[in-house]
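Peer 1: I have a structure here, written as structure tokens, and I will follow up with some questions on it.
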Amino acid sequence: MPDAFSSFLTPWWPDVAAFLRMGKHGLYVWPTLAICAVALAGEWLLLMQRERRLKSSDGRGAGENLR
Amino acid sequence: MSGEARLGVPAGGVRSPVELIDPARQIDVAAPAWAPTLRAVARREWLTAVRRPGDLLWHAGFFVMVAALFPLSLRPDPATLLLLGPGVLWVAALLAVLLATGRLFHDDLKSGWLDQCVLASAAAGVPLALIVAARMAVQWLLAAGPVLAVAPLVALQFGLNAAALGVLLAGLALGSAVLVALASVAAALAAGLRGAALLTMLMVLPMAAPVLVFGALAVHAAQGGAPAGAELSLLGAMLAAAALVCPVLGALALRSATEA
Amino acid sequence: MFSRLIFYFASPMRLHALAGRLVRPLLWLALALALPGLWLALVVTPADAVQGEGYRLLYVHVPAAWMSMFVYLLMAFWSFVGLVWHTRASAMLAHALAPTGAVFALLSLVTGAFWGQPMWGTWWVWDARLSSSLLLFFLYLGYLALLRANEDSARADRACAVLALLGAVNLPVIYFSVRWWNTLHQGASLSPGKASMAPEMLTALLLMIGAAWAYTAATAFKRVQLIIAEREAQARWLQQLQDDLNQSDDGGAALPAADLEASRA
């Protein structure tokens, strides 16, 4: 058990620089992960904006535009 | 209903919605029969189109123009043309048919014709889906007919041999029917909305891909001398499925459009 | 029992309450699955013998592709339920799922391209899976466009439901046709190595798929809450309008009816 556990803790990279380089594919891997993070975060940002718009327009009375 | 001049409205005014689509009073409401209603719908569609022959010419002309643009923008040597021919011809036909069907129900909704159709279908006991199917059939003749008529001339430009041309025409006949069915449903969904024509095309294009693929493959096969039976029968199967499903979905869409 | 559950939550109010309780736990679940998943994917798992380190994008590409297809099937399912049993809540659920599905479809295309370029030397190839994914993305766009173009919510629900069903039926046809086209043209097949995966790889993949699912559920529930609230606010607004009109009728000729009709249209 401790053997398997330690294998889950030991990284394959010798140092952080190798991690960032990702065996010369770093330029593809990290921007992609960034794009994914931005897309998902952006989706929630839009949802929050929509919620704020709904709450702010709810406060105003109905039919206000007609008066 | 408001008394404005409309095709086929009898002079003495109307007594029932059915009369508006059937001024010759061929439908006996007491004994509902499908054939006269459908014939009336088809006749009205045909007459409306035939009174504007420019539209029919436009369908053919658009097809010719799009097909001509491709060789102009690429190298027009025979080998390239042979390679491009099937794909270009099919894309051009697809666009022509979609453009023709894009606004199919849009004006009808605005003019109130669709409401009359729904009422008449209830009055005459004819399922709305059948009326939609009749319209699709006539629309196919009007949209695909000009394209099929002009296709041989354009195919000459791309150096298609006789066998390939035959397969092209057969494929176009089947494929355009599927496209008209799909586009009719999309047009029914988009009827009356802003940007209906564009919306229709956006909705149909992904679903038109299989038709395009099989049609172009069939012609490619015929060009190489191989039999195109498999692709053509797949197109036929798609047509059978579309002919069953699309009128029902179209009727559903039209009902919700008129209820809105 | 399942159908009774569906009918219980077919009331938008109950769905709103249920969604409200589920959003936060699901988000935490997504985080709880994503962190170990990413850890395994980026830190622990060894490099692929053939593809080197770049293959790690598989751990985002596969979940995105899976979710984009699964969400479309869910949309079709809820559309079917809504059309057959006339429940509005199921249509609203489908509307809530659509944007998330579209985002995942786009992400699967983007991650696939970034994965393909270092691996196979090309950003894009017209093989069966990529082409079908592109067409699936277009199907999502069509659904969203139809949703936006409709102002009447009842018509929007039914129209989008019809479109979702039509698209779902077409999806296998599309895939089959593109596969046929691809095999005949001997195109390059970009299937990720079908070799058996090491257990850490499989675990990482399953964790990431689970995280994507939890995220989708959370986002869909949040969005359905907003949709329900927006429609309720609009209904209240219209009701208020009606009440004002009735009141003004009683009190005198304050607002001519034609004015009201014109501004409501």
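Chain labels A, B, ... are given in the sequence in which chains occur in the structure tokens; within each chain residues are numbered consecutively from 1, and ligands are likewise numbered from 1 in the order shown.
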Do a neighbour search on Pro172 of chain C at 12 Å with only C-alpha atoms, toss out local chain neighbours closer than 2 positions, and write the hits as number ranges by chain.
Peer 2: B: 207, 209-210; C: 69, 73, 128-129, 132-133, 135-136, 166-170, 174-179
Peer 1: Which residues come within 8 Å of segment 29-39 of chain A, counting only C-alpha atoms, excluding same-chain residues fewer than 4 positions away, as a PyMOL selection string?
Peer 2: (chain A and resi 20+22+25+43) or (chain C and resi 54+56-57+60+103+107+110-111+114-115)
Peer 1: Residues of chain C near chain A: apply a cut-off of 7 Å, count only C-alpha atoms, and supply the list as number ranges by chain.
Peer 2: C: 43-44, 46, 52-54, 57, 107, 111, 114, 223, 226, 230, 233, 237, 240-241
Peer 1: Determine, using only C-alpha atoms, which residues of chain B have any atom at most 10 Å from an atom of chain C, and tabulate each with its shortest atom pair and distance in Å to one decimal place, rows ordered by chain and then rising number, as a Markdown table.
Peer 2:
| residue | atom | partner | partner_atom | distance |
| --- | --- | --- | --- | --- |
| B:Leu182 | CA | C:Leu166 | CA | 8.9 |
| B:Val185 | CA | C:Leu163 | CA | 8.7 |
| B:Ala186 | CA | C:Leu163 | CA | 7.8 |
| B:Ala188 | CA | C:Ala159 | CA | 8.9 |
| B:Leu189 | CA | C:Ala159 | CA | 5.6 |
| B:Ala190 | CA | C:Leu146 | CA | 7.3 |
| B:Gly192 | CA | C:Asn150 | CA | 9.4 |
| B:Leu193 | CA | C:Ala149 | CA | 6.3 |
| B:Arg194 | CA | C:Ala149 | CA | 6.5 |
| B:Gly195 | CA | C:Ala149 | CA | 8.1 |
| B:Ala196 | CA | C:Ala149 | CA | 8.8 |
| B:Leu199 | CA | C:Ala145 | CA | 7.0 |
| B:Thr200 | CA | C:Gly142 | CA | 8.6 |
| B:Met201 | CA | C:Gly142 | CA | 8.9 |
| B:Leu202 | CA | C:Gly142 | CA | 5.6 |
| B:Met203 | CA | C:Gly142 | CA | 4.7 |
| B:Val204 | CA | C:Gly142 | CA | 8.2 |
| B:Leu205 | CA | C:Phe138 | CA | 8.0 |
| B:Pro206 | CA | C:Leu135 | CA | 5.2 |
| B:Met207 | CA | C:Asn170 | CA | 6.3 |
| B:Ala208 | CA | C:Ile174 | CA | 8.7 |
| B:Ala209 | CA | C:Ile174 | CA | 6.7 |
| B:Pro210 | CA | C:Ser177 | CA | 5.4 |
| B:Val211 | CA | C:Ser177 | CA | 8.4 |
| B:Leu212 | CA | C:Ser177 | CA | 9.3 |
| B:Val213 | CA | C:Ser177 | CA | 6.6 |
| B:Phe214 | CA | C:Ser177 | CA | 7.0 |
| B:Ala216 | CA | C:Trp181 | CA | 9.4 |
| B:Leu217 | CA | C:Trp181 | CA | 7.1 |
| B:Glu231 | CA | C:Ser177 | CA | 9.7 |
| B:Leu234 | CA | C:Ser177 | CA | 9.5 |
| B:Met238 | CA | C:Val173 | CA | 9.0 |
| B:Val245 | CA | C:Leu166 | CA | 8.9 |
| B:Cys246 | CA | C:Leu166 | CA | 8.7 |
| B:Leu249 | CA | C:Val162 | CA | 6.7 |
| B:Gly250 | CA | C:Val162 | CA | 8.8 |
| B:Leu252 | CA | C:Val162 | CA | 8.1 |
| B:Ala253 | CA | C:Ala159 | CA | 6.0 |
| B:Leu254 | CA | C:Ala159 | CA | 9.3 |
| B:Arg255 | CA | C:Arg155 | CA | 9.3 |
| B:Ser256 | CA | C:Arg155 | CA | 5.6 |
| B:Ala257 | CA | C:Arg155 | CA | 6.5 |
| B:Thr258 | CA | C:Arg155 | CA | 9.2 |
| B:Glu259 | CA | C:Arg155 | CA | 8.0 |
| B:Ala260 | CA | C:Arg155 | CA | 6.2 |
Peer 1: Name all residues at most 6 Å from segment 94-102 of chain C (count only C-alpha atoms; drop same-chain ones fewer than 2 positions away) and give them as a list in words.
Peer 2: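 Near segment 94-102 of chain C, the qualifying residues are Ser68, Val71, Met75, Trp78, Ala91, Met92, Phe104, Ala105, Tyr140, Ala220, Arg223 and Val224 of chain C.
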Peer 1: For the selection just defined, write its residues with C-alpha atoms to a file, as a compact mmCIF listing (two decimals), in the first residue's frame.
Peer 2:
# COMPACT_ATOMS: atom_id res chain seq x y z
CA SER C 68 -20.60 17.69 -25.91
CA VAL C 71 -25.31 17.00 -23.39
CA MET C 75 -31.20 18.00 -24.67
CA TRP C 78 -35.72 16.62 -22.36
CA ALA C 91 -37.80 22.60 -22.24
CA MET C 92 -36.15 25.07 -19.89
CA PHE C 104 -17.66 21.82 -24.72
CA ALA C 105 -18.07 21.14 -28.42
CA TYR C 140 -25.61 23.64 -31.20
CA ALA C 220 -27.13 23.85 -16.23
CA ARG C 223 -28.79 28.65 -15.80
CA VAL C 224 -32.19 27.00 -15.46
Peer 1: Do a neighbour search on segment 24-32 of chain C at 10 Å with only C-alpha atoms, toss out local chain neighbours closer than 2 positions, and write the hits as a PyMOL selection string.
Peer 2: chain C and resi 19-22+34-37+207-219+221-222
Peer 1: Extract, using only C-alpha atoms, all DNA, RNA and protein residues at most 8 Å from Leu232 of chain B, discarding same-chain residues fewer than 3 positions from it, and format them as a list in words.
Peer 2: Ala170, Gly171, Phe214, Gly215, Ala218, Ala228, Gly229, Leu235 and Gly236 of chain B
